[in-house]
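Beneath this line is the structure, given in structure tokens, with notes to follow.
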Amino acid sequence: MNDDSAERAVPRDTVQYVTVLIDNQVFGLPIARVHDVFVPEHMTRVPLAAREVAGVLNLRGRIVTAIDMRERLHLAPRDDAAVPMAVGIERKGESYGLIIDSVGEVLDLPRAEAEPNPTNLDRRWAEIAAGIHRLDGRLMIILDVDHVLGRALEAAAA
Amino acid sequence: MDDLLLEFLTETNESLDVVDVELVKFEQEPNNAQILDNVFRLVHTIKGTCGFLGLSRLEALAHAAETLMGRFRDGEPVTPDAVTLILASIDRIKGLLAELEATGAEPAGEDRDLICDLERMAGFGGEADAGGSAEEEGVTSGDLVYQVLERELRPGEVSLDDLERAFRETEGPADFEMPAAVAAAAVQPEPDAANDVKADEAAAPGAETGETSASVSNQSIRVNLETLEHLMTMVSELVLTRNQLLDIARRQEDSEFKMPLQRLSNVTAELQDGVMKTRMQPIGNAWQKLPRIVRDLAREVDKQIELEMHGAETELDRQVLELIKDPLTHMVRNSADHGLETANERIAAGKPAKGVIRLSAYHQGGYIIIEIADDGRGLDTEKLKAKALERGTIGAAEIDKLSEAQIHKFIFHAGFSTAAKVTNVSGRGVGLDVVRNNIELIGGTVDLKSAAGKGTTFTIKIPLTLAIVSALIVEVAGDRFAIPQMSVVELVRAQPNSEHRIERIKDTPVLRLRNKLLPLVHMGSLLGIGAAERDEADPDSGFIVVMLVGAQTFGIIVDSVFHTEEIVVKPMSSMLRDIPMFSGNTILGDGSVIMIIDPNGVAQALGSAAAEDIGYADRDEDPPGADEQETMSLLIFHAGSNEPKAVPLSLVTRLEEFETDRIEQANGRDLVQYRGRLMPLICIDENIKRRTEGLQPMLVFCDSGHSMALVVDDIVDIVDDRLNIEVKSEIDGILGSAVVNGRATDIIDVGHYMPLAFDDWLMRKDMQTEALTRPLLFVDDSAFFRNMLTPVLTAAGYAVTVCDDAEAALAQLRGGGRFDIIVSDIEMPGMNGFDFVEAVKAQPKWQSTPVIALSALATPAAIERGRQAGFDDFVAKFDRPGLIAAIKAFTVELGEAA
């Protein structure tokens, strides 16, 4: 998992995660990677782009490429009435927004409690999951941000 | 790396570029003390700094070069050889510096070879060292000056005095004795080296330069590029925000924001200008290396060339400057190598022996214009025409309609070189087509004017900056897009029943615009959006944005057109960068993000001219022989029905248009007078009515002195494609159908129509040879060629046996078939033509049978290979007269021998 930066930011044996909800599944993003959380508005679609690219939008003067996480995870499209949220992340100087259903609380989780992906996890999920945390009655999938964009990049190039 | 070393590298590289330029100038004006002084000081500085930094190898080399230059200062005559040697030393120094930069350490080894040469030239022989040089300095300088005076007194009396005085006034020969002391001193003036030169040129002689340059350098500071780029980005943001505010203010009448907003707007504009200026650099920076290149080139090709540079101070954006450096260099090289004649040729033409290449730059509107002019021989229009025809770039009929200027533009196509021979100077794999592409990539254009015997002028027009472009905002399927204004020629409103209406050739929309057929494409279908809306909406109305990309003109159909806006181009994220249709994105005044259409991408998607160019380039790279993708030029036309028809272009002699009133009737058939003879007109079938008024287009075919014209409705295009007849036709006159340019197309059998025009066409053929038909074996895997050539061969008096592969042909021979001559294709699946001919020639009884190779590729290499394999002759596939002549030659020979 590529959360070295998170490690440095929190000098403890725990990692802070921003939890998000995608189709009722809890995902966690290392807080150090999360730039901001916003409501994606006035999105411009990009013809010919990869399927998961929801479009581009203007976030305070920066052009952000929005990725629909439901598409990325091969889930059913969101209910039209639902207001989506987006988590802003940076990668190599470029801004991306991961569109999710909603944002939850920030959790401080002990590093040691992270478990590896179950071997039978859907391959398409496994490639962007960096492990699992057992929460109170729920499971949180650690989202590997670089892989979310990285694989998508490869897919776009293919 | 050490900061000091880094600084040294930056400075020295700049100094060396200056030395290059100065030395070439010096060679031309050996008496100019100022130039010599500059060069000397620069090399001296390099030497000193190297000593200071402990770079012994560089120091030794610079020292040797300096010593030789010292001799020039002492008045020794300057020879081109000496300058070449010094230039070679400077190249070596550059090489060492590059390695130093890469590894951080001076590379091992030494430069005895160059140093020896330098010392020999300086007249020292073996005993040369720092001390020795200093000694010589004092003793011999008087004599040397005297020698020069004897030779050069008359032409340059005054200059020589200047030279003397300059030497006395500037640093003395004492420098040679104390390199260490100099080194310390030299570090100080060094950063000003580049400025020095410019300052010098203005006025300051000799000793004063030091002070002048100091004051110049105090007025400028070095700023990190990143800082500037960041500043630029921030200003772009400011511009966008300002635009947004203006947009809001526009919607609110009488807002109290109006006044301050106006002020903000003005300040922003000025700020933008100011920041843009920091990115500006004089174009002279891109020219620095040219004098050296031209000088070396002139020596190499043995021409006398003078390079004039005007407007070197004209400024343009750094980024643009970087991008045009190479194209410019290439074009100057081109002018020197191809444009200018040798001294003898020039004198014979009544021109001065020395050719001139003039580079000039100036601003015009938001563009910078760069001209590269030579006073050489001009372009050879006839040669270009021949080449265009040979390459199939254009048909014979069309080429006659082109103006000279249009023909000249062919040199921007791939594969056109006006040089009869490729020298090692040009023809290095980059043609003017690459230059054109590079310039177009940055939104520029290149044009040329040429007059035979007077010279050629290339004009490059490029935008001053790439960061902000003017764009046309259009809407397609509810989304807005920006199209760079640079590529937009005009806007046309298309409506049914109006002058401009969208017409269709099968399903391809076209627009008739001023008698030209313009290919159209729906932006929506290019982008794969709005298919539903397109079906609903009236398909024949909309706005057409006519675009010119390179030589390609086409129209993009959009739903609506808004306005033109200055946009700040922002790069797309790497996730979107592979989409060729977009070159970037931007934020509009209202805050929304829109995609910027890349005209080059669209042109490529349209695939015609641009793709053709690429095709040529590929073919140039591929060695002949490996041509499974063998293509041929096909002329696409309409006749009778909407389905396109095609005929190999090489069969068509000319494309003509005749006024309908010139068509006469005789003996129940249509005729026109053509080149002093009557030419019959033939229709493809009875359904075709020739026009009753206006111009009637037709294809003219000539064979054995006869001409016939095939009446067509219109000529659509000429395309290069593989001809693969997939469906054979039962209809006379049509060989079958093939997919051409992605569409099912009928291939016309010209052989069918020729006898229709002249009943005796077949009979007339070669009646002089005996009526006796001779057996001929014809092997070709392509149904098209079998169909096309069999009638021709039959008509020429042969009994043709056709085989579709080499094995079948061998079987025919083994089966006892007797043939007077064999005609074989080369590229065939299974056994190819070379193997086939070897098999034939290996049999004693067939050994004497002539075998003629038929190939699309009649390259010298292929011909040679064919000869070695045993072919008696080699004929290009479409050269029917050549084929008949070759067969005739062999059969007559045979007849006589028998």
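For the structure tokens, the naming scheme is as follows: chains receive sequential letters (A, B, ...) according to their order of presentation, residues are indexed from 1 within each chain, and ligands are indexed from 1 in presentation order.
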Mind listing as a short mmCIF file (atom, residue, chain, number, x, y, z; two decimals) with all heavy atoms, in the first residue's frame which residues of chain B are within 12 Å of chain A, counting only C-alpha atoms?
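Listed below is the output, iface_7.cif:
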data_model
loop_
_atom_site.label_atom_id
_atom_site.label_comp_id
_atom_site.auth_asym_id
_atom_site.auth_seq_id
_atom_site.Cartn_x
_atom_site.Cartn_y
_atom_site.Cartn_z
N THR B 233 1.01 30.79 -14.84
CA THR B 233 -0.21 30.05 -14.50
C THR B 233 -1.13 30.91 -13.65
O THR B 233 -2.34 30.97 -13.86
CB THR B 233 0.14 28.78 -13.72
OG1 THR B 233 1.29 28.20 -14.32
CG2 THR B 233 -0.98 27.78 -13.74
N MET B 234 -0.52 31.59 -12.68
CA MET B 234 -1.34 32.40 -11.78
C MET B 234 -2.02 33.53 -12.54
O MET B 234 -3.19 33.84 -12.29
CB MET B 234 -0.48 32.98 -10.63
CG MET B 234 0.06 31.95 -9.66
SD MET B 234 -0.98 30.51 -9.43
CE MET B 234 -2.31 31.20 -8.49
N VAL B 235 -1.29 34.12 -13.46
CA VAL B 235 -1.90 35.21 -14.24
C VAL B 235 -3.02 34.66 -15.09
O VAL B 235 -4.06 35.28 -15.24
CB VAL B 235 -0.83 35.92 -15.11
CG1 VAL B 235 -1.50 36.85 -16.10
CG2 VAL B 235 0.11 36.71 -14.22
N SER B 236 -2.82 33.46 -15.61
CA SER B 236 -3.89 32.84 -16.40
C SER B 236 -5.14 32.68 -15.55
O SER B 236 -6.25 32.94 -16.00
CB SER B 236 -3.44 31.48 -16.92
OG SER B 236 -2.27 31.63 -17.68
N GLU B 237 -4.93 32.26 -14.31
CA GLU B 237 -6.07 32.11 -13.39
C GLU B 237 -6.76 33.44 -13.20
O GLU B 237 -7.99 33.55 -13.21
CB GLU B 237 -5.59 31.62 -12.01
CG GLU B 237 -5.01 30.24 -11.99
CD GLU B 237 -6.00 29.20 -12.47
OE1 GLU B 237 -7.21 29.49 -12.48
OE2 GLU B 237 -5.54 28.12 -12.87
N LEU B 238 -5.94 34.47 -13.03
CA LEU B 238 -6.47 35.80 -12.81
C LEU B 238 -7.30 36.24 -14.01
O LEU B 238 -8.39 36.80 -13.87
CB LEU B 238 -5.31 36.77 -12.57
CG LEU B 238 -5.69 38.18 -12.14
CD1 LEU B 238 -6.45 38.15 -10.84
CD2 LEU B 238 -4.44 39.04 -12.01
N VAL B 239 -6.79 35.94 -15.20
CA VAL B 239 -7.50 36.30 -16.41
C VAL B 239 -8.86 35.60 -16.43
O VAL B 239 -9.88 36.21 -16.75
CB VAL B 239 -6.68 35.93 -17.66
CG1 VAL B 239 -7.52 36.07 -18.93
CG2 VAL B 239 -5.43 36.80 -17.76
N LEU B 240 -8.84 34.33 -16.06
CA LEU B 240 -10.09 33.58 -16.06
C LEU B 240 -11.08 34.15 -15.06
O LEU B 240 -12.26 34.33 -15.35
CB LEU B 240 -9.82 32.11 -15.71
CG LEU B 240 -9.07 31.34 -16.79
CD1 LEU B 240 -8.70 29.96 -16.28
CD2 LEU B 240 -9.94 31.23 -18.03
N THR B 241 -10.58 34.47 -13.87
CA THR B 241 -11.45 35.02 -12.84
C THR B 241 -12.02 36.36 -13.30
O THR B 241 -13.20 36.65 -13.11
CB THR B 241 -10.66 35.20 -11.53
OG1 THR B 241 -9.87 34.04 -11.33
CG2 THR B 241 -11.59 35.40 -10.37
N ARG B 242 -11.15 37.13 -13.92
CA ARG B 242 -11.61 38.42 -14.43
C ARG B 242 -12.73 38.20 -15.44
O ARG B 242 -13.77 38.86 -15.40
CB ARG B 242 -10.43 39.14 -15.10
CG ARG B 242 -10.68 40.56 -15.49
CD ARG B 242 -10.77 40.86 -17.00
NE ARG B 242 -10.26 39.90 -17.93
CZ ARG B 242 -9.35 40.18 -18.85
NH1 ARG B 242 -8.80 41.37 -18.88
NH2 ARG B 242 -8.99 39.27 -19.71
N GLN B 244 -14.75 35.77 -15.62
CA GLN B 244 -15.95 35.33 -14.92
C GLN B 244 -16.69 36.53 -14.35
O GLN B 244 -17.90 36.64 -14.46
CB GLN B 244 -15.57 34.38 -13.78
CG GLN B 244 -15.58 32.92 -14.19
CD GLN B 244 -14.86 32.06 -13.18
OE1 GLN B 244 -13.65 31.97 -13.22
NE2 GLN B 244 -15.61 31.46 -12.27
N VAL B 476 -22.26 21.09 -29.64
CA VAL B 476 -22.60 19.83 -30.30
C VAL B 476 -23.33 18.98 -29.28
O VAL B 476 -22.80 18.73 -28.19
CB VAL B 476 -21.33 19.09 -30.77
CG1 VAL B 476 -21.71 17.79 -31.45
CG2 VAL B 476 -20.50 19.95 -31.68
N ALA B 477 -24.50 18.54 -29.62
CA ALA B 477 -25.28 17.65 -28.76
C ALA B 477 -25.33 18.18 -27.33
O ALA B 477 -25.17 17.43 -26.38
CB ALA B 477 -24.70 16.24 -28.79
N GLY B 478 -25.52 19.48 -27.18
CA GLY B 478 -25.69 20.05 -25.86
C GLY B 478 -24.39 20.36 -25.13
O GLY B 478 -24.42 20.98 -24.06
N ASP B 479 -23.26 19.96 -25.66
CA ASP B 479 -21.98 20.26 -25.02
C ASP B 479 -21.24 21.31 -25.84
O ASP B 479 -21.35 21.34 -27.06
CB ASP B 479 -21.10 19.00 -24.96
CG ASP B 479 -21.59 18.03 -23.91
OD1 ASP B 479 -22.36 18.47 -23.04
OD2 ASP B 479 -21.22 16.86 -23.97
N ARG B 480 -20.48 22.11 -25.13
CA ARG B 480 -19.70 23.13 -25.85
C ARG B 480 -18.27 22.67 -26.03
O ARG B 480 -17.71 21.97 -25.19
CB ARG B 480 -19.75 24.45 -25.08
CG ARG B 480 -21.09 25.14 -25.21
CD ARG B 480 -21.10 26.42 -24.44
NE ARG B 480 -20.90 26.18 -23.01
CZ ARG B 480 -20.72 27.16 -22.13
NH1 ARG B 480 -20.68 28.40 -22.53
NH2 ARG B 480 -20.57 26.88 -20.86
N PHE B 481 -17.69 23.10 -27.13
CA PHE B 481 -16.29 22.79 -27.41
C PHE B 481 -15.62 24.02 -27.98
O PHE B 481 -16.28 24.89 -28.54
CB PHE B 481 -16.19 21.64 -28.44
CG PHE B 481 -16.76 20.35 -27.94
CD1 PHE B 481 -18.09 20.02 -28.18
CD2 PHE B 481 -15.97 19.48 -27.21
CE1 PHE B 481 -18.62 18.84 -27.70
CE2 PHE B 481 -16.49 18.30 -26.73
CZ PHE B 481 -17.81 17.98 -26.98
N MET B 523 -19.44 16.71 -36.08
CA MET B 523 -18.59 16.69 -34.90
C MET B 523 -19.12 15.63 -33.94
O MET B 523 -18.34 14.92 -33.31
CB MET B 523 -18.63 18.04 -34.22
CG MET B 523 -17.79 18.07 -33.00
SD MET B 523 -16.27 18.89 -33.31
CE MET B 523 -16.62 20.44 -32.60
N GLY B 524 -20.42 15.53 -33.85
CA GLY B 524 -21.02 14.55 -32.95
C GLY B 524 -20.58 13.13 -33.27
O GLY B 524 -20.27 12.35 -32.39
N SER B 525 -20.54 12.80 -34.56
CA SER B 525 -20.17 11.43 -34.89
C SER B 525 -18.68 11.22 -34.68
O SER B 525 -18.25 10.11 -34.37
CB SER B 525 -20.60 11.09 -36.32
OG SER B 525 -20.01 11.98 -37.23
N LEU B 526 -17.88 12.30 -34.85
CA LEU B 526 -16.45 12.18 -34.56
C LEU B 526 -16.24 11.87 -33.09
O LEU B 526 -15.35 11.11 -32.71
CB LEU B 526 -15.74 13.50 -34.86
CG LEU B 526 -15.18 13.72 -36.25
CD1 LEU B 526 -14.46 15.06 -36.29
CD2 LEU B 526 -14.22 12.61 -36.62
N LEU B 527 -17.05 12.52 -32.26
CA LEU B 527 -16.87 12.39 -30.83
C LEU B 527 -17.72 11.28 -30.24
O LEU B 527 -17.64 11.00 -29.05
CB LEU B 527 -17.21 13.72 -30.14
CG LEU B 527 -16.38 14.91 -30.58
CD1 LEU B 527 -16.87 16.18 -29.91
CD2 LEU B 527 -14.91 14.69 -30.25
N GLY B 528 -18.54 10.69 -31.09
CA GLY B 528 -19.40 9.59 -30.62
C GLY B 528 -20.45 10.06 -29.63
O GLY B 528 -20.76 9.36 -28.67
N ILE B 529 -20.99 11.24 -29.84
CA ILE B 529 -22.05 11.72 -28.95
C ILE B 529 -23.25 12.17 -29.76
O ILE B 529 -23.12 12.49 -30.94
CB ILE B 529 -21.59 12.89 -28.05
CG1 ILE B 529 -20.96 14.01 -28.91
CG2 ILE B 529 -20.63 12.43 -26.98
CD1 ILE B 529 -20.68 15.27 -28.15
N GLY B 530 -24.37 12.20 -29.11
CA GLY B 530 -25.57 12.81 -29.67
C GLY B 530 -26.12 12.13 -30.89
O GLY B 530 -26.72 12.77 -31.74
N VAL B 568 -7.30 30.17 -22.16
CA VAL B 568 -5.99 29.76 -21.66
C VAL B 568 -5.94 28.24 -21.77
O VAL B 568 -6.71 27.54 -21.13
CB VAL B 568 -5.80 30.19 -20.20
CG1 VAL B 568 -4.43 29.75 -19.69
CG2 VAL B 568 -5.96 31.69 -20.08
N VAL B 569 -5.06 27.76 -22.60
CA VAL B 569 -5.00 26.32 -22.82
C VAL B 569 -4.38 25.63 -21.60
O VAL B 569 -3.30 25.99 -21.16
CB VAL B 569 -4.15 26.00 -24.07
CG1 VAL B 569 -4.09 24.50 -24.30
CG2 VAL B 569 -4.71 26.71 -25.27
N LYS B 570 -5.12 24.68 -21.06
CA LYS B 570 -4.57 23.91 -19.94
C LYS B 570 -4.43 22.47 -20.39
O LYS B 570 -5.31 21.95 -21.08
CB LYS B 570 -5.52 23.97 -18.74
CG LYS B 570 -5.50 25.33 -18.08
CD LYS B 570 -6.60 25.43 -17.06
CE LYS B 570 -6.52 26.74 -16.31
NZ LYS B 570 -5.73 26.66 -15.10
N PRO B 571 -3.35 21.85 -20.01
CA PRO B 571 -3.16 20.46 -20.42
C PRO B 571 -4.22 19.56 -19.78
O PRO B 571 -4.68 19.83 -18.68
CB PRO B 571 -1.76 20.10 -19.95
CG PRO B 571 -1.46 21.10 -18.88
CD PRO B 571 -2.23 22.33 -19.19
N MET B 572 -4.57 18.50 -20.47
CA MET B 572 -5.53 17.55 -19.91
C MET B 572 -4.80 16.63 -18.94
O MET B 572 -3.59 16.47 -19.02
CB MET B 572 -6.15 16.71 -21.04
CG MET B 572 -7.01 17.53 -21.96
SD MET B 572 -7.77 16.50 -23.21
CE MET B 572 -6.41 16.05 -24.22
N SER B 573 -5.54 16.02 -18.06
CA SER B 573 -4.91 15.07 -17.14
C SER B 573 -4.47 13.85 -17.95
O SER B 573 -4.98 13.60 -19.05
CB SER B 573 -5.90 14.64 -16.07
OG SER B 573 -6.93 13.87 -16.63
N SER B 574 -3.50 13.14 -17.42
CA SER B 574 -2.92 12.06 -18.21
C SER B 574 -3.95 10.99 -18.54
O SER B 574 -3.78 10.24 -19.49
CB SER B 574 -1.73 11.44 -17.47
OG SER B 574 -2.03 11.32 -16.11
N MET B 575 -5.02 10.99 -17.80
CA MET B 575 -6.06 10.01 -18.06
C MET B 575 -6.79 10.29 -19.37
O MET B 575 -7.40 9.41 -19.96
CB MET B 575 -7.07 10.07 -16.93
CG MET B 575 -7.68 8.75 -16.66
SD MET B 575 -8.26 8.70 -15.00
CE MET B 575 -9.19 7.21 -15.12
N LEU B 576 -6.74 11.54 -19.80
CA LEU B 576 -7.49 11.92 -21.00
C LEU B 576 -6.56 12.22 -22.17
O LEU B 576 -7.00 12.54 -23.26
CB LEU B 576 -8.32 13.18 -20.70
CG LEU B 576 -9.26 13.09 -19.51
CD1 LEU B 576 -9.90 14.44 -19.25
CD2 LEU B 576 -10.32 12.04 -19.77
N ARG B 577 -5.28 12.13 -21.90
CA ARG B 577 -4.33 12.63 -22.89
C ARG B 577 -4.30 11.79 -24.16
O ARG B 577 -3.82 12.25 -25.18
CB ARG B 577 -2.94 12.72 -22.27
CG ARG B 577 -2.18 13.93 -22.76
CD ARG B 577 -1.03 14.26 -21.86
NE ARG B 577 -1.45 14.99 -20.67
CZ ARG B 577 -0.73 15.07 -19.57
NH1 ARG B 577 0.42 14.46 -19.48
NH2 ARG B 577 -1.17 15.74 -18.53
N ASP B 578 -4.80 10.58 -24.10
CA ASP B 578 -4.72 9.73 -25.29
C ASP B 578 -5.81 10.02 -26.29
O ASP B 578 -5.84 9.42 -27.35
CB ASP B 578 -4.83 8.25 -24.90
CG ASP B 578 -4.01 7.95 -23.69
OD1 ASP B 578 -2.81 8.13 -23.78
OD2 ASP B 578 -4.59 7.56 -22.67
N ILE B 579 -6.73 10.88 -25.96
CA ILE B 579 -7.83 11.14 -26.89
C ILE B 579 -7.32 12.11 -27.95
O ILE B 579 -7.02 13.26 -27.64
CB ILE B 579 -9.05 11.72 -26.17
CG1 ILE B 579 -9.42 10.83 -24.98
CG2 ILE B 579 -10.22 11.87 -27.12
CD1 ILE B 579 -10.51 11.40 -24.10
N PRO B 580 -7.20 11.65 -29.18
CA PRO B 580 -6.56 12.51 -30.19
C PRO B 580 -7.41 13.71 -30.60
O PRO B 580 -6.89 14.65 -31.15
CB PRO B 580 -6.35 11.56 -31.37
CG PRO B 580 -7.35 10.48 -31.18
CD PRO B 580 -7.59 10.36 -29.71
N MET B 581 -8.71 13.66 -30.31
CA MET B 581 -9.58 14.74 -30.75
C MET B 581 -9.39 16.02 -29.95
O MET B 581 -9.82 17.08 -30.36
CB MET B 581 -11.05 14.33 -30.60
CG MET B 581 -11.52 13.30 -31.56
SD MET B 581 -11.24 13.74 -33.24
CE MET B 581 -11.60 12.16 -33.95
N PHE B 582 -8.80 15.92 -28.77
CA PHE B 582 -8.66 17.10 -27.92
C PHE B 582 -7.20 17.45 -27.70
O PHE B 582 -6.36 16.56 -27.58
CB PHE B 582 -9.33 16.86 -26.56
CG PHE B 582 -10.77 16.46 -26.66
CD1 PHE B 582 -11.21 15.27 -26.12
CD2 PHE B 582 -11.67 17.28 -27.32
CE1 PHE B 582 -12.54 14.90 -26.23
CE2 PHE B 582 -13.00 16.91 -27.43
CZ PHE B 582 -13.44 15.72 -26.88
N GLY B 584 -6.52 19.91 -25.34
CA GLY B 584 -6.43 20.44 -23.98
C GLY B 584 -7.81 20.79 -23.50
O GLY B 584 -8.81 20.47 -24.14
N ASN B 585 -7.87 21.44 -22.34
CA ASN B 585 -9.16 21.94 -21.90
C ASN B 585 -8.97 23.31 -21.30
O ASN B 585 -7.85 23.77 -21.11
CB ASN B 585 -9.85 20.96 -20.94
CG ASN B 585 -8.90 20.38 -19.92
OD1 ASN B 585 -7.86 20.97 -19.61
ND2 ASN B 585 -9.25 19.22 -19.39
N THR B 586 -10.07 23.96 -21.04
CA THR B 586 -9.97 25.33 -20.54
C THR B 586 -11.20 25.66 -19.71
O THR B 586 -12.20 24.95 -19.78
CB THR B 586 -9.83 26.32 -21.70
OG1 THR B 586 -9.48 27.59 -21.17
CG2 THR B 586 -11.12 26.46 -22.49
N ILE B 587 -11.07 26.71 -18.93
CA ILE B 587 -12.22 27.17 -18.16
C ILE B 587 -12.74 28.43 -18.83
O ILE B 587 -12.00 29.38 -19.06
CB ILE B 587 -11.82 27.46 -16.70
CG1 ILE B 587 -11.27 26.20 -16.06
CG2 ILE B 587 -13.02 27.99 -15.92
CD1 ILE B 587 -10.73 26.39 -14.67
N LEU B 588 -14.01 28.42 -19.15
CA LEU B 588 -14.60 29.58 -19.82
C LEU B 588 -14.94 30.68 -18.82
O LEU B 588 -14.88 30.48 -17.62
CB LEU B 588 -15.88 29.16 -20.55
CG LEU B 588 -15.72 28.38 -21.85
CD1 LEU B 588 -17.08 28.20 -22.50
CD2 LEU B 588 -14.78 29.09 -22.80
N GLY B 589 -15.32 31.80 -19.37
CA GLY B 589 -15.67 32.93 -18.54
C GLY B 589 -16.76 32.61 -17.53
O GLY B 589 -16.77 33.12 -16.41
N ASP B 590 -17.68 31.72 -17.88
CA ASP B 590 -18.76 31.40 -16.96
C ASP B 590 -18.36 30.30 -15.97
O ASP B 590 -19.19 29.80 -15.22
CB ASP B 590 -20.02 30.98 -17.73
CG ASP B 590 -19.79 29.71 -18.54
OD1 ASP B 590 -18.70 29.14 -18.42
OD2 ASP B 590 -20.70 29.31 -19.28
N GLY B 591 -17.10 29.92 -16.00
CA GLY B 591 -16.62 28.97 -15.01
C GLY B 591 -16.70 27.52 -15.43
O GLY B 591 -16.18 26.65 -14.74
N SER B 592 -17.33 27.23 -16.56
CA SER B 592 -17.43 25.83 -16.93
C SER B 592 -16.18 25.38 -17.70
O SER B 592 -15.49 26.18 -18.33
CB SER B 592 -18.68 25.60 -17.78
OG SER B 592 -18.66 26.49 -18.87
N VAL B 593 -15.93 24.10 -17.57
CA VAL B 593 -14.76 23.54 -18.24
C VAL B 593 -15.19 23.07 -19.63
O VAL B 593 -16.24 22.44 -19.76
CB VAL B 593 -14.22 22.33 -17.45
CG1 VAL B 593 -13.01 21.74 -18.14
CG2 VAL B 593 -13.90 22.75 -16.03
N ILE B 594 -14.42 23.39 -20.65
CA ILE B 594 -14.74 22.80 -21.95
C ILE B 594 -13.48 22.22 -22.59
O ILE B 594 -12.36 22.61 -22.26
CB ILE B 594 -15.43 23.79 -22.93
CG1 ILE B 594 -14.47 24.86 -23.41
CG2 ILE B 594 -16.66 24.39 -22.33
CD1 ILE B 594 -15.05 25.65 -24.58
N MET B 595 -13.71 21.30 -23.49
CA MET B 595 -12.62 20.63 -24.16
C MET B 595 -12.24 21.42 -25.41
O MET B 595 -13.09 21.98 -26.10
CB MET B 595 -13.02 19.20 -24.58
CG MET B 595 -13.56 18.34 -23.45
SD MET B 595 -12.44 18.16 -22.06
CE MET B 595 -11.16 17.16 -22.82
N ILE B 596 -10.93 21.43 -25.71
CA ILE B 596 -10.46 22.13 -26.90
C ILE B 596 -10.21 21.09 -28.00
O ILE B 596 -9.46 20.13 -27.79
CB ILE B 596 -9.15 22.90 -26.61
CG1 ILE B 596 -9.38 23.87 -25.45
CG2 ILE B 596 -8.67 23.63 -27.85
CD1 ILE B 596 -8.10 24.43 -24.88
N ILE B 597 -10.86 21.31 -29.12
CA ILE B 597 -10.72 20.37 -30.24
C ILE B 597 -9.32 20.52 -30.85
O ILE B 597 -8.83 21.63 -31.03
CB ILE B 597 -11.78 20.69 -31.32
CG1 ILE B 597 -13.17 20.55 -30.75
CG2 ILE B 597 -11.57 19.84 -32.56
CD1 ILE B 597 -13.66 19.13 -30.61
#
Quiz item: DSSP says helix (DSSP H, G or I) for which residues of segment 10-153 of chain A? Put them as a list in words?
Solution: Ile31, Ala32, Arg33, Met69, Arg70, Glu71, Arg72, Arg111, Ala112, Glu113, Arg123, Arg124, Trp125, Ala126, Val145, Asp146, His147, Val148, Leu149, Gly150, Arg151, Ala152 and Leu153 of chain A
Quiz prompt | Residues flagged strand (DSSP E or B) by DSSP in chain A, as a VMD selection string | solution = chain A and resid 14 to 22 25 to 30 34 to 38 44 53 to 59 62 to 68 85 to 91 94 to 100 102 to 110 115 129 to 134 139 to 143
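Compared by their closest atoms to Arg70 of chain A, and using only C-alpha atoms, the residues A:Glu105, A:Glu115, A:Asp23, A:Glu127 rank with A:Asp23 nearest.
Interatomic distance, atom CA of Asp717 of chain B to atom CA of Thr553 of chain B: 13.7 Å.
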